[in-house]
>>> print(open('protein13.cif').read())   # mmCIF, C-alpha atoms
data_data
#
loop_
_atom_site.label_atom_id
_atom_site.label_comp_id
_atom_site.auth_asym_id
_atom_site.auth_seq_id
_atom_site.Cartn_x
_atom_site.Cartn_y
_atom_site.Cartn_z
CA MET Q 7 -0.41 11.67 23.89
CA GLU Q 8 1.16 9.43 26.52
CA ALA Q 9 0.26 11.89 29.24
CA LEU Q 10 -3.38 11.98 28.09
CA LEU Q 11 -3.49 8.18 27.98
CA ASN Q 12 -2.05 7.85 31.48
CA GLU Q 13 -4.44 10.47 32.78
CA TRP Q 14 -7.41 8.66 31.26
CA LEU Q 15 -6.28 5.16 32.29
CA TRP Q 16 -5.35 5.93 35.87
CA GLN Q 17 -8.31 8.05 36.86
CA GLU Q 18 -8.76 8.00 40.61
CA GLU Q 19 -12.53 7.52 40.26
CA SER Q 20 -11.96 4.17 38.53
CA TRP Q 21 -9.33 2.66 40.80
CA LEU Q 22 -9.86 4.18 44.24
CA PRO Q 23 -12.85 4.66 46.54
CA PRO Q 24 -14.45 8.11 46.58
CA GLY Q 25 -12.48 10.74 48.49
CA ILE Q 26 -9.10 9.00 48.13
CA SER Q 27 -6.33 10.10 45.78
CA TRP Q 28 -3.08 8.50 44.65
CA GLN Q 29 -1.15 10.79 47.00
CA ASP Q 30 -3.08 9.42 49.97
CA ILE Q 31 -1.87 5.85 49.43
CA GLU Q 32 1.81 6.56 48.78
CA MET Q 33 4.02 4.57 51.13
CA LYS Q 34 7.49 5.07 52.40
CA GLU Q 35 10.14 2.42 51.94
CA ASP Q 36 9.97 1.32 55.57
CA GLU Q 37 6.18 0.81 55.36
CA GLY Q 38 6.45 -2.07 52.90
CA ARG Q 39 5.75 -2.77 49.24
CA PHE Q 40 2.74 -1.21 47.56
CA PRO Q 41 1.41 -2.93 44.39
CA LEU Q 42 2.28 -1.00 41.24
CA PRO Q 43 0.96 -1.73 37.74
CA ARG Q 44 4.49 -1.90 36.32
CA ASP Q 45 5.13 -5.00 38.45
CA LEU Q 46 2.85 -6.97 36.10
CA ILE Q 47 5.26 -6.47 33.20
CA TYR Q 48 7.34 -9.32 34.61
CA THR Q 49 4.48 -11.77 34.07
CA LEU Q 50 5.01 -11.86 30.28
CA PRO Q 51 8.64 -13.10 30.33
CA LEU Q 52 7.61 -15.33 33.23
CA ALA Q 53 4.91 -16.89 31.01
CA PHE Q 54 7.49 -17.76 28.35
CA THR Q 55 9.70 -19.18 31.11
CA PHE Q 56 6.83 -21.43 32.19
CA ILE Q 57 6.40 -22.60 28.59
CA ALA Q 58 10.09 -23.49 28.36
CA LEU Q 59 9.99 -25.26 31.73
CA ARG Q 60 6.94 -27.20 30.61
CA TYR Q 61 8.73 -28.34 27.46
CA VAL Q 62 11.68 -29.62 29.49
CA PHE Q 63 9.45 -31.15 32.18
CA GLU Q 64 7.29 -33.08 29.71
CA ARG Q 65 10.27 -34.65 27.92
CA LEU Q 66 12.53 -35.36 30.87
CA ILE Q 67 9.99 -36.25 33.55
CA ALA Q 68 6.44 -36.67 32.26
CA VAL Q 69 7.16 -39.00 29.31
CA PRO Q 70 9.32 -41.46 31.35
CA LEU Q 71 6.72 -41.31 34.14
CA SER Q 72 3.94 -42.17 31.69
CA LYS Q 73 5.85 -45.25 30.57
CA ARG Q 74 6.50 -46.24 34.17
CA LEU Q 75 2.81 -45.94 35.07
CA GLY Q 76 1.73 -47.93 32.01
CA VAL Q 77 0.09 -45.31 29.78
CA LYS Q 78 -0.94 -47.07 26.56
CA GLU Q 79 -1.82 -45.61 23.19
CA ARG Q 80 -4.94 -46.48 21.24
CA ILE Q 81 -4.52 -48.39 18.02
CA ARG Q 82 -5.87 -46.17 15.25
CA ILE Q 83 -6.26 -46.95 11.58
CA ARG Q 84 -4.31 -44.57 9.39
CA ALA Q 85 -6.22 -43.01 6.52
CA ALA Q 86 -5.16 -44.06 3.03
CA SER Q 87 -3.21 -41.57 0.94
CA VAL Q 88 -5.78 -39.71 -1.18
CA PRO Q 89 -4.39 -36.29 -2.24
CA LYS Q 90 -7.76 -34.70 -3.07
CA LEU Q 91 -9.28 -35.71 0.24
CA GLU Q 92 -6.17 -34.61 2.12
CA THR Q 93 -6.31 -31.17 0.47
CA PHE Q 94 -10.01 -30.81 1.30
CA TYR Q 95 -9.36 -31.91 4.90
CA LYS Q 96 -6.60 -29.35 5.50
CA GLN Q 97 -7.96 -26.39 3.56
CA LYS Q 98 -11.76 -26.56 3.84
CA SER Q 99 -13.30 -28.78 6.48
CA GLN Q 100 -12.62 -31.84 8.60
CA GLN Q 101 -16.31 -32.78 8.60
CA PRO Q 102 -17.74 -32.45 5.07
CA SER Q 103 -21.46 -32.09 4.49
CA GLN Q 104 -23.50 -34.67 2.59
CA ILE Q 105 -23.31 -32.63 -0.62
CA GLU Q 106 -19.54 -32.34 -0.28
CA VAL Q 107 -19.26 -36.09 0.35
CA VAL Q 108 -21.15 -36.80 -2.89
CA SER Q 109 -18.94 -34.37 -4.81
CA LEU Q 110 -15.72 -35.83 -3.36
CA GLY Q 111 -16.92 -39.34 -4.15
CA LYS Q 112 -17.36 -38.43 -7.83
CA GLN Q 113 -13.93 -36.77 -7.97
CA CYS Q 114 -12.08 -39.65 -6.31
CA GLY Q 115 -14.14 -42.54 -7.67
CA LEU Q 116 -15.09 -43.72 -4.16
CA SER Q 117 -18.41 -44.49 -2.54
CA GLN Q 118 -19.96 -42.14 0.01
CA ARG Q 119 -19.34 -44.68 2.75
CA ASN Q 120 -15.63 -44.86 1.88
CA ILE Q 121 -15.39 -41.06 1.89
CA GLN Q 122 -17.00 -40.83 5.33
CA THR Q 123 -14.78 -43.62 6.66
CA TRP Q 124 -11.66 -41.87 5.32
CA PHE Q 125 -12.54 -38.60 7.06
CA ARG Q 126 -13.30 -40.44 10.31
CA HIS Q 127 -9.93 -42.20 10.21
CA ARG Q 128 -8.22 -38.92 9.34
CA ARG Q 129 -9.79 -37.12 12.30
CA ASN Q 130 -8.85 -39.95 14.63
CA GLN Q 131 -5.32 -39.76 13.29
CA ASP Q 132 -5.03 -36.11 14.46
CA ARG Q 133 -6.36 -36.79 17.94
CA PRO Q 134 -3.83 -36.25 20.74
CA SER Q 135 -2.23 -39.34 22.17
CA ASN Q 136 -2.71 -40.47 25.75
CA THR Q 137 0.94 -39.67 26.42
CA LYS Q 138 0.44 -36.05 25.37
CA LYS Q 139 -2.64 -35.72 27.56
CA PHE Q 140 -0.79 -37.35 30.45
CA CYS Q 141 2.11 -34.89 30.08
CA GLU Q 142 -0.24 -31.92 30.04
CA ALA Q 143 -2.09 -33.13 33.14
CA SER Q 144 1.13 -33.91 35.01
CA TRP Q 145 2.53 -30.41 34.35
CA ARG Q 146 -0.62 -28.75 35.69
CA PHE Q 147 -0.72 -31.13 38.63
CA VAL Q 148 2.82 -30.17 39.68
CA PHE Q 149 2.13 -26.43 39.45
CA TYR Q 150 -1.27 -26.53 41.19
CA LEU Q 151 0.09 -28.70 44.00
CA ILE Q 152 3.08 -26.42 44.61
CA SER Q 153 0.92 -23.30 44.26
CA PHE Q 154 -1.72 -24.57 46.71
CA THR Q 155 0.86 -25.71 49.26
CA ALA Q 156 2.84 -22.47 49.08
CA GLY Q 157 -0.31 -20.33 49.08
CA LEU Q 158 -1.73 -22.09 52.11
CA GLY Q 159 1.60 -21.78 53.90
CA CYS Q 160 1.82 -18.01 53.37
CA LEU Q 161 -1.86 -17.29 54.11
CA ILE Q 162 -2.76 -19.50 57.03
CA TYR Q 163 -1.14 -17.14 59.53
CA THR Q 164 -2.63 -13.95 58.07
CA PRO Q 165 -5.58 -12.32 59.89
CA TRP Q 166 -7.77 -12.11 56.75
CA PHE Q 167 -7.57 -15.87 56.25
CA TRP Q 168 -9.78 -16.32 59.32
CA ASP Q 169 -11.61 -12.98 59.46
CA HIS Q 170 -12.56 -11.69 56.03
CA ARG Q 171 -13.27 -8.20 57.36
CA GLU Q 172 -9.52 -7.81 57.62
CA CYS Q 173 -9.39 -7.85 53.82
CA TRP Q 174 -10.79 -4.30 53.86
CA ARG Q 175 -9.52 -2.83 57.09
CA GLY Q 176 -7.22 0.03 56.13
CA TYR Q 177 -8.01 -0.30 52.43
CA PRO Q 178 -6.59 0.87 50.04
CA LYS Q 179 -3.40 1.70 51.95
CA GLN Q 180 -2.39 -1.90 52.63
CA PRO Q 181 1.21 -3.09 52.23
CA VAL Q 182 1.83 -6.32 50.32
CA ALA Q 183 4.16 -8.96 51.76
CA GLU Q 184 6.93 -10.32 49.55
CA ALA Q 185 5.43 -13.84 49.61
CA HIS Q 186 2.01 -12.55 48.48
CA TYR Q 187 3.66 -10.50 45.73
CA TRP Q 188 5.35 -13.58 44.27
CA TYR Q 189 2.18 -15.62 44.75
CA TYR Q 190 0.37 -13.12 42.54
CA ILE Q 191 3.08 -12.79 39.89
CA LEU Q 192 3.60 -16.55 39.53
CA GLU Q 193 -0.13 -17.28 39.29
CA MET Q 194 -0.69 -14.64 36.64
CA GLY Q 195 2.38 -15.78 34.68
CA PHE Q 196 1.15 -19.39 34.74
CA TYR Q 197 -2.37 -18.56 33.52
CA LEU Q 198 -0.87 -16.34 30.83
CA SER Q 199 1.24 -19.30 29.67
CA LEU Q 200 -1.91 -21.48 29.53
CA LEU Q 201 -3.63 -18.85 27.39
CA LEU Q 202 -0.63 -18.67 25.03
CA CYS Q 203 -0.59 -22.48 24.67
CA VAL Q 204 -4.34 -22.92 24.27
CA SER Q 205 -4.02 -23.47 20.51
CA VAL Q 206 -1.58 -26.39 20.89
CA ASP Q 207 -3.03 -27.97 24.02
CA VAL Q 208 -5.65 -30.72 23.96
CA LYS Q 209 -9.01 -29.28 22.90
CA ARG Q 210 -11.64 -30.54 25.28
CA LYS Q 211 -15.38 -30.41 25.56
CA ASP Q 212 -15.29 -27.20 27.61
CA PHE Q 213 -12.68 -25.51 25.39
CA LYS Q 214 -14.58 -22.20 25.12
CA GLU Q 215 -15.31 -22.14 28.84
CA GLN Q 216 -11.62 -22.76 29.58
CA VAL Q 217 -10.57 -19.83 27.37
CA ILE Q 218 -13.13 -17.58 29.10
CA HIS Q 219 -11.86 -18.81 32.46
CA HIS Q 220 -8.22 -18.03 31.60
CA ILE Q 221 -9.06 -14.55 30.30
CA ALA Q 222 -11.29 -13.73 33.29
CA THR Q 223 -8.61 -15.02 35.68
CA ILE Q 224 -5.88 -12.91 34.07
CA PHE Q 225 -8.05 -9.79 34.17
CA LEU Q 226 -9.06 -10.58 37.74
CA ILE Q 227 -5.49 -11.06 38.96
CA GLY Q 228 -4.18 -8.02 37.08
CA PHE Q 229 -6.96 -5.66 38.12
CA SER Q 230 -7.01 -6.80 41.72
CA TYR Q 231 -3.26 -6.26 41.96
CA CYS Q 232 -3.42 -2.74 40.49
CA ALA Q 233 -6.40 -1.83 42.72
CA ASN Q 234 -4.72 -3.46 45.75
CA TYR Q 235 -7.37 -6.15 46.21
CA VAL Q 236 -4.45 -8.43 46.99
CA ARG Q 237 -5.80 -9.81 50.24
CA VAL Q 238 -9.08 -11.06 48.83
CA GLY Q 239 -7.31 -11.99 45.58
CA THR Q 240 -5.03 -14.43 47.39
CA LEU Q 241 -8.11 -16.12 48.87
CA VAL Q 242 -9.66 -16.47 45.39
CA MET Q 243 -6.50 -18.12 44.03
CA LEU Q 244 -6.22 -20.45 47.03
CA VAL Q 245 -9.83 -21.61 46.65
CA HIS Q 246 -9.25 -22.46 42.99
CA ASP Q 247 -5.95 -24.28 43.54
CA SER Q 248 -7.45 -26.45 46.29
CA SER Q 249 -9.32 -28.71 43.86
CA ASP Q 250 -7.42 -28.29 40.58
CA PHE Q 251 -4.49 -30.51 41.56
CA LEU Q 252 -6.91 -33.30 42.52
CA LEU Q 253 -8.52 -33.14 39.06
CA GLU Q 254 -5.17 -33.29 37.27
CA SER Q 255 -3.99 -36.24 39.37
CA ALA Q 256 -7.23 -38.11 38.57
CA LYS Q 257 -6.61 -37.48 34.86
CA MET Q 258 -3.09 -38.87 35.12
CA LEU Q 259 -4.34 -42.08 36.70
CA HIS Q 260 -7.15 -42.31 34.14
CA TYR Q 261 -4.68 -42.24 31.25
CA ALA Q 262 -2.53 -44.81 33.05
CA GLY Q 263 -5.49 -47.17 33.43
CA TRP Q 264 -5.60 -47.11 37.25
CA THR Q 265 -9.39 -47.19 37.28
CA ARG Q 266 -10.10 -47.77 40.97
CA THR Q 267 -7.62 -45.19 42.22
CA CYS Q 268 -8.86 -42.73 39.59
CA ASP Q 269 -12.49 -43.22 40.69
CA SER Q 270 -11.55 -42.69 44.33
CA LEU Q 271 -9.66 -39.51 43.53
CA PHE Q 272 -12.55 -38.30 41.42
CA VAL Q 273 -14.96 -38.69 44.35
CA ILE Q 274 -12.59 -36.70 46.57
CA PHE Q 275 -12.18 -34.05 43.88
CA SER Q 276 -15.96 -33.80 43.42
CA LEU Q 277 -16.51 -33.18 47.12
CA VAL Q 278 -13.73 -30.60 47.35
CA PHE Q 279 -14.87 -28.84 44.15
CA LEU Q 280 -18.53 -28.64 45.15
CA VAL Q 281 -17.70 -27.39 48.65
CA THR Q 282 -15.08 -24.82 47.64
CA ARG Q 283 -16.71 -23.53 44.42
CA LEU Q 284 -20.40 -23.65 45.36
CA VAL Q 285 -20.21 -22.96 49.10
CA VAL Q 286 -16.95 -21.32 50.18
CA PHE Q 287 -16.42 -19.13 47.12
CA PRO Q 288 -19.90 -17.55 46.85
CA CYS Q 289 -20.79 -17.55 50.55
CA ARG Q 290 -17.45 -16.32 51.87
CA VAL Q 291 -15.35 -14.69 49.16
CA VAL Q 292 -18.03 -13.17 46.91
CA HIS Q 293 -20.10 -12.15 49.94
CA THR Q 294 -17.04 -10.39 51.33
CA THR Q 295 -16.43 -8.40 48.15
CA LEU Q 296 -20.10 -7.61 47.51
CA VAL Q 297 -21.45 -6.90 51.01
CA VAL Q 298 -18.74 -6.66 53.66
CA SER Q 299 -16.56 -4.29 51.62
CA LEU Q 300 -19.35 -1.66 51.60
CA GLU Q 301 -18.87 -1.27 55.36
CA PHE Q 302 -15.46 0.29 54.67
CA PHE Q 303 -15.96 2.34 51.47
CA ASP Q 304 -18.61 3.46 49.00
CA PRO Q 305 -18.96 1.59 45.70
CA PHE Q 306 -16.95 2.77 42.68
CA PHE Q 307 -16.02 1.45 39.24
CA GLY Q 308 -13.36 -0.92 40.56
CA TYR Q 309 -15.88 -2.41 42.97
CA TYR Q 310 -18.35 -3.24 40.17
CA PHE Q 311 -15.71 -4.49 37.74
CA PHE Q 312 -14.03 -6.76 40.28
CA ASN Q 313 -17.31 -8.30 41.40
CA ALA Q 314 -18.43 -8.77 37.78
CA LEU Q 315 -15.32 -10.87 37.11
CA LEU Q 316 -15.98 -12.92 40.26
CA LEU Q 317 -19.54 -13.58 39.10
CA VAL Q 318 -18.25 -14.74 35.69
CA LEU Q 319 -16.05 -17.26 37.50
CA GLN Q 320 -19.01 -18.34 39.62
CA ALA Q 321 -21.10 -18.95 36.47
CA LEU Q 322 -18.32 -21.21 35.15
CA HIS Q 323 -18.24 -23.00 38.51
CA ILE Q 324 -21.94 -23.77 38.19
CA PHE Q 325 -21.45 -25.08 34.65
CA TRP Q 326 -18.60 -27.38 35.71
CA ALA Q 327 -20.51 -28.47 38.81
CA TYR Q 328 -23.36 -29.60 36.54
CA LEU Q 329 -20.95 -31.75 34.50
CA ILE Q 330 -19.43 -33.18 37.67
CA MET Q 331 -22.85 -34.05 39.10
CA ARG Q 332 -23.61 -35.95 35.89
CA MET Q 333 -20.46 -37.97 36.41
CA VAL Q 334 -21.32 -38.58 40.08
CA TYR Q 335 -24.74 -39.83 38.98
CA LYS Q 336 -23.10 -42.28 36.56
CA PHE Q 337 -20.66 -43.37 39.23
CA VAL Q 338 -23.37 -44.01 41.84
CA PHE Q 339 -25.98 -45.67 39.62
CA LEU Q 340 -23.78 -47.27 36.95
CA GLY Q 341 -20.87 -48.18 39.19
CA LYS Q 342 -18.09 -46.45 37.24
CA VAL Q 343 -16.87 -43.15 35.89
CA GLU Q 344 -17.06 -43.44 32.11
CA ARG Q 345 -15.11 -40.28 31.24
CA ASP Q 346 -14.29 -36.86 32.60
CA GLU Q 347 -17.41 -34.83 31.77
CA ARG Q 348 -15.75 -31.65 33.00
CA SER Q 349 -12.78 -31.27 30.71
CA ASP Q 350 -11.26 -34.51 29.57
CA GLU Q 351 -13.73 -35.42 26.82
CA GLU Q 352 -12.61 -34.29 23.41
CA SER Q 353 -15.02 -32.20 21.41
CA GLU Q 354 -15.19 -34.77 18.59
CA VAL Q 355 -15.48 -37.87 20.67
CA ASP Q 356 -18.68 -38.87 18.93
CA ASP Q 357 -16.75 -39.50 15.73
CA GLU Q 358 -14.40 -41.81 17.54
CA GLU Q 359 -17.30 -43.78 18.94
CA GLU Q 360 -18.91 -44.20 15.53
CA GLU Q 361 -16.00 -46.22 14.18
CA PRO Q 362 -16.50 -49.39 16.21
CA GLU Q 363 -20.26 -49.07 15.81
CA GLU Q 364 -19.97 -49.17 12.05
CA GLU Q 365 -17.53 -52.05 12.24
CA GLY Q 366 -20.02 -53.82 14.45
CA ASP Q 367 -22.76 -53.12 11.91
CA GLU Q 368 -20.62 -54.59 9.14
CA CYS Q 369 -19.87 -57.67 11.23
CA SER Q 370 -23.53 -58.15 12.11
CA TRP Q 371 -24.48 -57.75 8.43
CA GLU Q 372 -21.92 -60.34 7.43
CA GLN Q 373 -23.31 -62.69 10.08
CA ARG Q 374 -26.86 -62.11 8.95
CA LYS Q 375 -25.87 -62.64 5.32
CA GLY Q 376 -24.08 -65.87 6.21
CA THR Q 377 -27.12 -67.07 8.16
CA MET Q 378 -29.42 -66.27 5.26
CA ASN Q 379 -27.13 -68.08 2.82
CA SER Q 380 -27.00 -71.14 5.04
CA LYS Q 381 -30.79 -71.13 5.36
CA LEU Q 382 -31.20 -70.78 1.62
CA ALA Q 383 -28.74 -73.60 1.05
CA SER Q 384 -30.53 -75.86 3.52
CA LEU Q 385 -33.85 -74.96 1.91
CA ALA Q 386 -32.51 -75.77 -1.55
CA ASN Q 387 -31.12 -79.07 -0.28
CA ASN Q 388 -34.48 -79.90 1.24
CA CYS Q 389 -36.19 -79.12 -2.06
CA VAL Q 390 -33.76 -81.37 -3.96
CA LEU Q 391 -34.22 -84.17 -1.44
CA ASN Q 392 -37.99 -83.84 -1.66
CA ASN Q 393 -37.88 -84.01 -5.45
CA LEU Q 394 -35.67 -87.12 -5.35
CA THR Q 395 -37.96 -88.74 -2.81
CA ASN Q 396 -41.03 -88.01 -4.89
CA GLN Q 397 -39.30 -89.35 -8.00
CA ARG Q 398 -38.46 -92.62 -6.20
CA ASN Q 399 -42.01 -92.98 -5.00
CA ILE Q 400 -43.32 -92.51 -8.55
CA ASN Q 401 -40.85 -95.06 -9.95
CA SER Q 402 -41.78 -97.58 -7.24
CA ARG Q 403 -45.46 -97.28 -8.11
CA LEU Q 404 -44.99 -97.82 -11.87
CA PRO Q 405 -44.39 -101.65 -11.73
CA LYS Q 406 -47.46 -102.13 -9.60
CA ALA Q 407 -49.55 -100.17 -12.09
CA ARG Q 408 -48.20 -102.25 -14.94
#
>>> encode(input="protein13.cif", output="structure tokens")
Amino acid sequence: MEALLNEWLWQEESWLPPGISWQDIEMKEDEGRFPLPRDLIYTLPLAFTFIALRYVFERLIAVPLSKRLGVKERIRIRAASVPKLETFYKQKSQQPSQIEVVSLGKQCGLSQRNIQTWFRHRRNQDRPSNTKKFCEASWRFVFYLISFTAGLGCLIYTPWFWDHRECWRGYPKQPVAEAHYWYYILEMGFYLSLLLCVSVDVKRKDFKEQVIHHIATIFLIGFSYCANYVRVGTLVMLVHDSSDFLLESAKMLHYAGWTRTCDSLFVIFSLVFLVTRLVVFPCRVVHTTLVVSLEFFDPFFGYYFFNALLLVLQALHIFWAYLIMRMVYKFVFLGKVERDERSDEESEVDDEEEEPEEEGDECSWEQRKGTMNSKLASLANNCVLNNLTNQRNINSRLPKAR
């Protein structure tokens, strides 16, 4: 059974260009390292190592740093203890429908408005704190900065960094340098750790797109390593890391309240993101894999699968570029960046914004009611004064009539 599975999984037609077999790409020890699928096994324990390092980093470095930079928490009203509502919140839904609100109101003896307010306070109570979001952003900032610096240092002197035709010259019998091997393994281990922690991390507006991005990235790194697309794969990872650390640093400053510095970093990030993801990536990297590679071999399954994953990433780039352009529009015409449209806005932010609006409505109603009462009181006083005045006038006329 294992032999049949290996034979089906490692078919030469799927992984290698036509006319090339696994025996043709075997290398001797003195020729260098050749990427083997079993090397990727180390990424799983490496992912758990990253999770443990993140736990230590957040508590020993990120939390004290957040206090030093002045990260403040929002004051949130805690929901009152109502067992029936708490059970419904945890077991059924965090956002009940109108029919469910009416039913809960009858069970608890509360008005519909009180039920809706309780659920809003309860949802706000579960929202992640600014400190947690700062710690998450700082951990990613450290990794992306180190990864980009190390990746640029090990690629800038390679021939395929300047001439992308070198990515395919001699393919698939291309040795992999030790630095590029660790660049691949560490990147895949990190994205695997992000995918494992996606359920406990802050859920943002682009949560689904982030999950798709992580899965596509892991498949892309794993497949490109097994098919020895390492040269072009290192360029893909470098392009992505070039803007990610700028985004995470802008988030950190946003949570710390450094508005001007955050806005400046966001402008720099926007320029780098738009240039690298909408110009460099499609025009250089994707063009190399789609067009230039055909000068060196005929298309096969690995060619189509690899380019399909790159196009999925490019679709996500366009989606995020749209959100960033919306923020740039607000920054240019409104004079400030209201929130991170790309990935820092929580999916339920509308509920949080409703709270002060309703409080404002209550305050305005109280003001209007007070104004109406004062007007009614003044009107009543005027009526009383008019009656007294008329009564005096009548009494003053009576002696003259007599």
>>> resolve_selection(input="protein13.cif", expression="the PyMOL selection byres ((chain Q and resi 290) around 12)", output="VMD selection string")
chain Q and resid 166 to 171 173 238 241 to 242 245 281 to 289 291 to 298
>>> write_last_selection(input="protein13.cif", atoms="C-alpha atoms", output="PDB file, keeping the file's coordinate frame")
ATOM      1  CA  TRP Q 166      -7.770 -12.110  56.750  1.00  0.00           C
ATOM      2  CA  PHE Q 167      -7.570 -15.870  56.250  1.00  0.00           C
ATOM      3  CA  TRP Q 168      -9.780 -16.320  59.320  1.00  0.00           C
ATOM      4  CA  ASP Q 169     -11.610 -12.980  59.460  1.00  0.00           C
ATOM      5  CA  HIS Q 170     -12.560 -11.690  56.030  1.00  0.00           C
ATOM      6  CA  ARG Q 171     -13.270  -8.200  57.360  1.00  0.00           C
ATOM      7  CA  CYS Q 173      -9.390  -7.850  53.820  1.00  0.00           C
ATOM      8  CA  VAL Q 238      -9.080 -11.060  48.830  1.00  0.00           C
ATOM      9  CA  LEU Q 241      -8.110 -16.120  48.870  1.00  0.00           C
ATOM     10  CA  VAL Q 242      -9.660 -16.470  45.390  1.00  0.00           C
ATOM     11  CA  VAL Q 245      -9.830 -21.610  46.650  1.00  0.00           C
ATOM     12  CA  VAL Q 281     -17.700 -27.390  48.650  1.00  0.00           C
ATOM     13  CA  THR Q 282     -15.080 -24.820  47.640  1.00  0.00           C
ATOM     14  CA  ARG Q 283     -16.710 -23.530  44.420  1.00  0.00           C
ATOM     15  CA  LEU Q 284     -20.400 -23.650  45.360  1.00  0.00           C
ATOM     16  CA  VAL Q 285     -20.210 -22.960  49.100  1.00  0.00           C
ATOM     17  CA  VAL Q 286     -16.950 -21.320  50.180  1.00  0.00           C
ATOM     18  CA  PHE Q 287     -16.420 -19.130  47.120  1.00  0.00           C
ATOM     19  CA  PRO Q 288     -19.900 -17.550  46.850  1.00  0.00           C
ATOM     20  CA  CYS Q 289     -20.790 -17.550  50.550  1.00  0.00           C
ATOM     21  CA  VAL Q 291     -15.350 -14.690  49.160  1.00  0.00           C
ATOM     22  CA  VAL Q 292     -18.030 -13.170  46.910  1.00  0.00           C
ATOM     23  CA  HIS Q 293     -20.100 -12.150  49.940  1.00  0.00           C
ATOM     24  CA  THR Q 294     -17.040 -10.390  51.330  1.00  0.00           C
ATOM     25  CA  THR Q 295     -16.430  -8.400  48.150  1.00  0.00           C
ATOM     26  CA  LEU Q 296     -20.100  -7.610  47.510  1.00  0.00           C
ATOM     27  CA  VAL Q 297     -21.450  -6.900  51.010  1.00  0.00           C
ATOM     28  CA  VAL Q 298     -18.740  -6.660  53.660  1.00  0.00           C
TER      29      VAL Q 298
END
>>> residues_around(input="protein13.cif", residues="region 138-155 of chain Q", least_positions_apart="2", cutoff="8 Å", atoms="all atoms listed in the file", output="PyMOL selection string")
chain Q and resi 60+63-64+68-69+72+134-136+157-159+189+193+207-208+244+247-248+250-252+254-255+257-258+261
>>> write_last_selection(input="protein13.cif", atoms="C-alpha atoms", output="tab-separated table (two decimals), in the coordinates of the input")
chain	number	residue	atom	x	y	z
Q	60	ARG	CA	6.94	-27.20	30.61
Q	63	PHE	CA	9.45	-31.15	32.18
Q	64	GLU	CA	7.29	-33.08	29.71
Q	68	ALA	CA	6.44	-36.67	32.26
Q	69	VAL	CA	7.16	-39.00	29.31
Q	72	SER	CA	3.94	-42.17	31.69
Q	134	PRO	CA	-3.83	-36.25	20.74
Q	135	SER	CA	-2.23	-39.34	22.17
Q	136	ASN	CA	-2.71	-40.47	25.75
Q	157	GLY	CA	-0.31	-20.33	49.08
Q	158	LEU	CA	-1.73	-22.09	52.11
Q	159	GLY	CA	1.60	-21.78	53.90
Q	189	TYR	CA	2.18	-15.62	44.75
Q	193	GLU	CA	-0.13	-17.28	39.29
Q	207	ASP	CA	-3.03	-27.97	24.02
Q	208	VAL	CA	-5.65	-30.72	23.96
Q	244	LEU	CA	-6.22	-20.45	47.03
Q	247	ASP	CA	-5.95	-24.28	43.54
Q	248	SER	CA	-7.45	-26.45	46.29
Q	250	ASP	CA	-7.42	-28.29	40.58
Q	251	PHE	CA	-4.49	-30.51	41.56
Q	252	LEU	CA	-6.91	-33.30	42.52
Q	254	GLU	CA	-5.17	-33.29	37.27
Q	255	SER	CA	-3.99	-36.24	39.37
Q	257	LYS	CA	-6.61	-37.48	34.86
Q	258	MET	CA	-3.09	-38.87	35.12
Q	261	TYR	CA	-4.68	-42.24	31.25
>>> resolve_selection(input="protein13.cif", expression="the PyMOL selection byres ((chain Q and resi 203) around 12)", output="list in words")
Ala53, Phe54, Phe56, Ile57, Ala58, Arg60, Tyr61, Glu142, Phe196, Tyr197, Leu198, Ser199, Leu200, Leu201, Leu202, Val204, Ser205, Val206, Asp207, Val208, Lys209, Val217 and His220 of chain Q
>>> closest_residue(input="protein13.cif", among="Q:Ala321, Q:Leu259, Q:Ile330, Q:Val338", to="Gly76 (chain Q)", atoms="only C-alpha atoms")
Q:Leu259
>>> axis_aligned_box(input="protein13.cif", around="region 217-227 of chain Q", padding_each_side="3 Å", output="lines of an AutoDock Vina configuration file")
center_x = -9.3
center_y = -14.8
center_z = 33.2
size_x = 13.6
size_y = 16.0
size_z = 17.6
>>> atom_distance(input="protein13.cif", atom1="CA of Ser276 (chain Q)", atom2="CA of Leu329 (chain Q)")
10.4 Å
>>> closest_residue(input="protein13.cif", among="Q:Leu277, Q:Thr137, Q:Phe213, Q:Gly228", to="Ile191 (chain Q)", atoms="only C-alpha atoms")
Q:Gly228
